[in-house]
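Presented below is the structure to which this report refers.
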Amino acid sequence: MTLADLKRGQHGIITDVSSIHIPLKLLEMGCLPGNLVELVQVAPFADPMYLNINGTHLAIRKETAIHIIIETAHE
Amino acid sequence: MSKQINVALIGNPNTGKTSVFNALTGLNQKVGNYPGITVEKKEGICKLPRGVKAHIIDLPGTYSLNASSLDENVVIELLLNKTDKDYPDVAVVVSDVENLKRNLLLFTQIKDLKIPTILVINMADRMEYKGISLNIEHLEEQLKTKIALISTRKNKGIDKLKELIATHKELSIEPCLDASTIDKAYFDNLRKAFPNQLLYKLWLVITQDVNFGKTDRQTFDAVEDFKTKSKTDLKRLQQKETIKRYQFINETLKLGQTIDLKSAKDLRIKLDRILTHKVWGYLIFGVILLTIFQAIYDWSSIPMDFIDSSFASLSEWTKSNLPEGAFTNLLAEGIISGLGGIVIFIPQIAFLFLFISILEESGYMSRVVFLMDRIMRRFGLSGKSVVPLISGTACAIPAIMATRNIESWKERLITILVTPFTTCSARLPVYLIIIALVIPEGRILGLSYQALTLMLLYLIGFGAAVGSAWILNKILKIKSKSFFVVEMPNYKLPLFKNVALTVLEKTKAFVFGAGKIILAISIVLWFLASYGPGDDFNNAETIVTEQYASENLTEDELNQKIESHKLEHSFIGIAGHAIEPAIRPLGYDWKIGIAIVSSFAAREVFVGTLATIYSVGSDEEETIKNRMAGEVNPILGGPLFNFASGISLLLFYAFAMQCMSTLAIVKKETNSWKWPMYQLVIMSAFAYIVALIAYQVLK
């Protein structure tokens, strides 16, 4: 599943990021394999998505989120 | 003898870097631009122990040394160019204790450049609240640096930082980790090709799309047999490098930092449940905007009335106390009236900057970006366009500069093109005086009609921006990848010092920037209005006296006739009459015409121009507003500024592109004259048509 499939309040662990579609800046902010991610809030139509990745709070668009592969995690 | 050392403040956005800068320099700071580009350059002086003086530069915030914007380029360009006069003797990396892990990424990169580096861990007052404890000794050892744990909010640790800067010679310049292991063969090759260069520096030059100053590029191009990698390969390597750095940082923090999640509290998540909520979020944003406009209106009316009457008395005092002559007239009628037209708007502009800087400082602005992104995208804009559009209500120039963090070029270009539609503070003087003249006083639901009209004008400006963005999105055929990453920083109570300094500095820039233009234009206008060619002007007295000889006028009435005859036949009167046919259908007379033409230099000239034109030859002590209210329409009779012509003027100023500085900045940011010229012609033509329709319908 991808990050875009998460529901509000759910957690996941990033397993893979498709590097061509993901800006380096996002990786530098901590969006890397192995890190825990939580979907904090979504705007209307689930886009953009407000995430907490490893303590960094940031928002990305759905079009970016579909390139981040995760597996579900239970905190 | 005191020696001055160069200190560069570097750090992620939202780490309180500017607070550290303010704590170090206080009022000893100035804001300028980097030569050739419009990135703001903040520098200041700080006195250190042992009589050392430090020249401190506050570099733009960046997440890493891999630049993705012009602002970030500034950081890298300075750090790579040893010959730059600002090249730091010591780099101070400012980090936020809550985001230490991410902040350290930039730190390790700077260490790789072998610059003596101090690590500042800011917001130490938040540690207990967040359940964080640090092993400073371990961190200093692993990161090969000295650490200053400070709190700008509680004003703690600043002296320690000063001490560390003063003793910067003792800092280690050894890198924290060896990044070249991500591709050993490639980096060995690189080292062989450029034996005299720092490896990490070469790597940065290779991976960046920016121009790092001639010397670096030339040395790089000189070696032909060195083959660089494809873009995709380089990006993969950069990704590897990032992972490697994080591995090192995680390893370091394992012993250096403990976080007790049980005792950690998170206000941010709780607040964001409401502030970014699908319904409440938008509602609260609306209420905040409404409150701001009402406040700007209500709070500034008293100081404004005071300034208006003070300048009128000053002008009067000058006339009656200085010896009569051309210079006194120039001073009283040209300069003082013109300056009064700008000083009067200081209260409102200061309040506007106050609110904008509070929104930015508190972290709320990022939430607005989040809330608005989806909506803005429908119009070809980005959520990040909201920041320029909101700060455009202060001034389009910093607003257009603020578009730089929009990742997609198309979204950015559209934002640049439509931002001048937002109601900038230069329009405010025009709006306020016209509203005061033509909109009745009175209140509905506690909001005054006048404040509502102003709010409506802001909405019209915003609507025009969004509407034209929608059209541009359909017309412009630009393909560009759009990335959207925005940090949602912790909410912070804005620091009074930071807000006050921003308000002071921006207001000052506005007043002096606009003041210069207004002063110059006022003087020119005064000359044009006080002198004229031919008999009609020079023999005005004889002509008028003969004309009215049979009518038994009092001396005062006669003098007034003479003055208005003179004005009509002065240089400015002749020019005004020449353009009158074009503006009469909009409900304006030639005096307003002159004010509009001079407004193309800068909008705020409008009121000053009218003040100058109206005060030429007038003996009475009068405020600008009263003078305008007393103007009579030469053809229809009745007040010149009535509802129809007032609305027409408001709409003209809402849409017309009347600001040379904005055109210049658009040229710089888009690198072509094409876009600013489109703006000038299309916006002004649209303004003319709308104003024409409004007047013809309402009259």
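Identifiers in the structure tokens: chain A, B, ... in order shown; residue index from 1 per chain; ligand index from 1 in order shown.
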
With a distance threshold of 10 Å and counting only C-alpha atoms, extract the residues of chain B near chain A and express them as an MDAnalysis selection string. chainID B and resid 62:64 66:68 98:103 105:106 232 235:236 238:239 241:243 245:246 268:269 272:274 276:279 281 366:367 369:375 383 407 481:490

Non-local contacts of region 149-153 of chain B (8 Å; only C-alpha atoms; under 2 positions in same chain excluded) as a count of residues only: 16

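Distances here use only C-alpha atoms; by that measure, the residue among A:Gly34, A:Ile53, A:Met1, A:Gln10 closest to Ile70 (chain A) is A:Met1.
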
Nearby residues (only C-alpha atoms) at most 6 Å from His11 (chain A), same-chain spacing under 6 positions excluded, as an MDAnalysis selection string: chainID A and resid 37:38 73

Output N, CA and C atoms for every residue in that selection, as an mmCIF file, in the first residue's frame.
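What ended up in out-v6.cif:
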data_model
loop_
_atom_site.group_PDB
_atom_site.id
_atom_site.type_symbol
_atom_site.label_atom_id
_atom_site.label_comp_id
_atom_site.auth_asym_id
_atom_site.auth_seq_id
_atom_site.Cartn_x
_atom_site.Cartn_y
_atom_site.Cartn_z
ATOM 1 N N VAL A 37 5.493 6.909 10.006
ATOM 2 C CA VAL A 37 4.732 8.044 9.501
ATOM 3 C C VAL A 37 3.290 7.969 10.017
ATOM 4 N N GLU A 38 2.766 9.119 10.387
ATOM 5 C CA GLU A 38 1.385 9.186 10.857
ATOM 6 C C GLU A 38 0.626 10.210 10.020
ATOM 7 N N ALA A 73 1.374 0.026 10.462
ATOM 8 C CA ALA A 73 2.022 -0.206 11.748
ATOM 9 C C ALA A 73 1.035 0.177 12.830
#

From a DSSP pass on the backbone, collect the residues of chain A flagged as helix (DSSP H, G or I) and hand them back as a PDB file with N, CA and C atoms, in the first residue's frame.
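Output (states_14.pdb):
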ATOM      1  N   LEU A   3       1.281   5.612   0.874  1.00  0.00           N
ATOM      2  CA  LEU A   3       0.937   6.606   1.887  1.00  0.00           C
ATOM      3  C   LEU A   3      -0.459   7.185   1.645  1.00  0.00           C
ATOM      4  N   ALA A   4      -0.845   7.234   0.378  1.00  0.00           N
ATOM      5  CA  ALA A   4      -2.139   7.825   0.031  1.00  0.00           C
ATOM      6  C   ALA A   4      -3.306   6.986   0.552  1.00  0.00           C
ATOM      7  N   ASP A   5      -3.041   5.706   0.914  1.00  0.00           N
ATOM      8  CA  ASP A   5      -4.115   4.838   1.399  1.00  0.00           C
ATOM      9  C   ASP A   5      -4.364   4.969   2.898  1.00  0.00           C
ATOM     10  N   LEU A  24      14.165  15.552  -3.570  1.00  0.00           N
ATOM     11  CA  LEU A  24      15.223  15.305  -2.594  1.00  0.00           C
ATOM     12  C   LEU A  24      14.895  15.958  -1.251  1.00  0.00           C
ATOM     13  N   LYS A  25      14.270  17.130  -1.348  1.00  0.00           N
ATOM     14  CA  LYS A  25      13.935  17.889  -0.158  1.00  0.00           C
ATOM     15  C   LYS A  25      13.082  17.060   0.816  1.00  0.00           C
ATOM     16  N   LEU A  26      12.165  16.273   0.250  1.00  0.00           N
ATOM     17  CA  LEU A  26      11.294  15.457   1.086  1.00  0.00           C
ATOM     18  C   LEU A  26      12.113  14.385   1.808  1.00  0.00           C
ATOM     19  N   LEU A  27      13.062  13.800   1.084  1.00  0.00           N
ATOM     20  CA  LEU A  27      13.930  12.799   1.702  1.00  0.00           C
ATOM     21  C   LEU A  27      14.741  13.445   2.821  1.00  0.00           C
ATOM     22  N   GLU A  28      15.242  14.621   2.535  1.00  0.00           N
ATOM     23  CA  GLU A  28      16.069  15.311   3.530  1.00  0.00           C
ATOM     24  C   GLU A  28      15.271  15.669   4.776  1.00  0.00           C
ATOM     25  N   PRO A  44      -9.843  18.828   2.620  1.00  0.00           N
ATOM     26  CA  PRO A  44     -10.961  18.261   1.851  1.00  0.00           C
ATOM     27  C   PRO A  44     -10.460  17.498   0.622  1.00  0.00           C
ATOM     28  N   PHE A  45     -11.114  16.408   0.267  1.00  0.00           N
ATOM     29  CA  PHE A  45     -10.728  15.502  -0.816  1.00  0.00           C
ATOM     30  C   PHE A  45      -9.383  14.821  -0.541  1.00  0.00           C
ATOM     31  N   ALA A  46      -9.053  14.701   0.731  1.00  0.00           N
ATOM     32  CA  ALA A  46      -7.837  13.998   1.159  1.00  0.00           C
ATOM     33  C   ALA A  46      -6.582  14.533   0.483  1.00  0.00           C
ATOM     34  N   LYS A  62      -1.302  14.553  -2.562  1.00  0.00           N
ATOM     35  CA  LYS A  62      -1.615  13.149  -2.793  1.00  0.00           C
ATOM     36  C   LYS A  62      -0.757  12.586  -3.929  1.00  0.00           C
ATOM     37  N   GLU A  63      -0.536  13.416  -4.971  1.00  0.00           N
ATOM     38  CA  GLU A  63       0.222  12.945  -6.132  1.00  0.00           C
ATOM     39  C   GLU A  63       1.638  12.516  -5.753  1.00  0.00           C
ATOM     40  N   THR A  64       2.168  13.090  -4.672  1.00  0.00           N
ATOM     41  CA  THR A  64       3.485  12.662  -4.183  1.00  0.00           C
ATOM     42  C   THR A  64       3.333  11.444  -3.271  1.00  0.00           C
ATOM     43  N   ALA A  65       2.262  11.450  -2.489  1.00  0.00           N
ATOM     44  CA  ALA A  65       2.057  10.383  -1.504  1.00  0.00           C
ATOM     45  C   ALA A  65       1.931   9.014  -2.156  1.00  0.00           C
TER      46      ALA A  65
END

Check the DSSP output for the backbone and give back, as an NGL selection string, the residues of chain A in strand (DSSP E). :A and (11-17 or 36-42 or 49-53 or 56-60 or 68-73)

Coordinates-based distance that separates CA of Arg377 (chain B) from CA of Ala465 (chain B) (Å, one decimal): 13.3 Å

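Neighbours of Thr623 (chain B) closer than or equal to 7 Å, with only C-alpha atoms counted and sequence neighbours fewer than 6 positions away skipped, come out as B:Asp308, B:Ser309, B:Ala312.
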
Could you write out that same residue set with C-alpha atoms as a PDB file, in the first residue's frame?
ATOM      1  CA  ASP B 308      -3.496  64.892   8.924  1.00  0.00           C
ATOM      2  CA  SER B 309      -4.269  67.972  10.987  1.00  0.00           C
ATOM      3  CA  ALA B 312      -2.002  71.019   7.702  1.00  0.00           C
TER       4      ALA B 312
END

In Å, how far is it from CA of Leu493 (chain B) to CA of Ser357 (chain B)? 11.7 Å
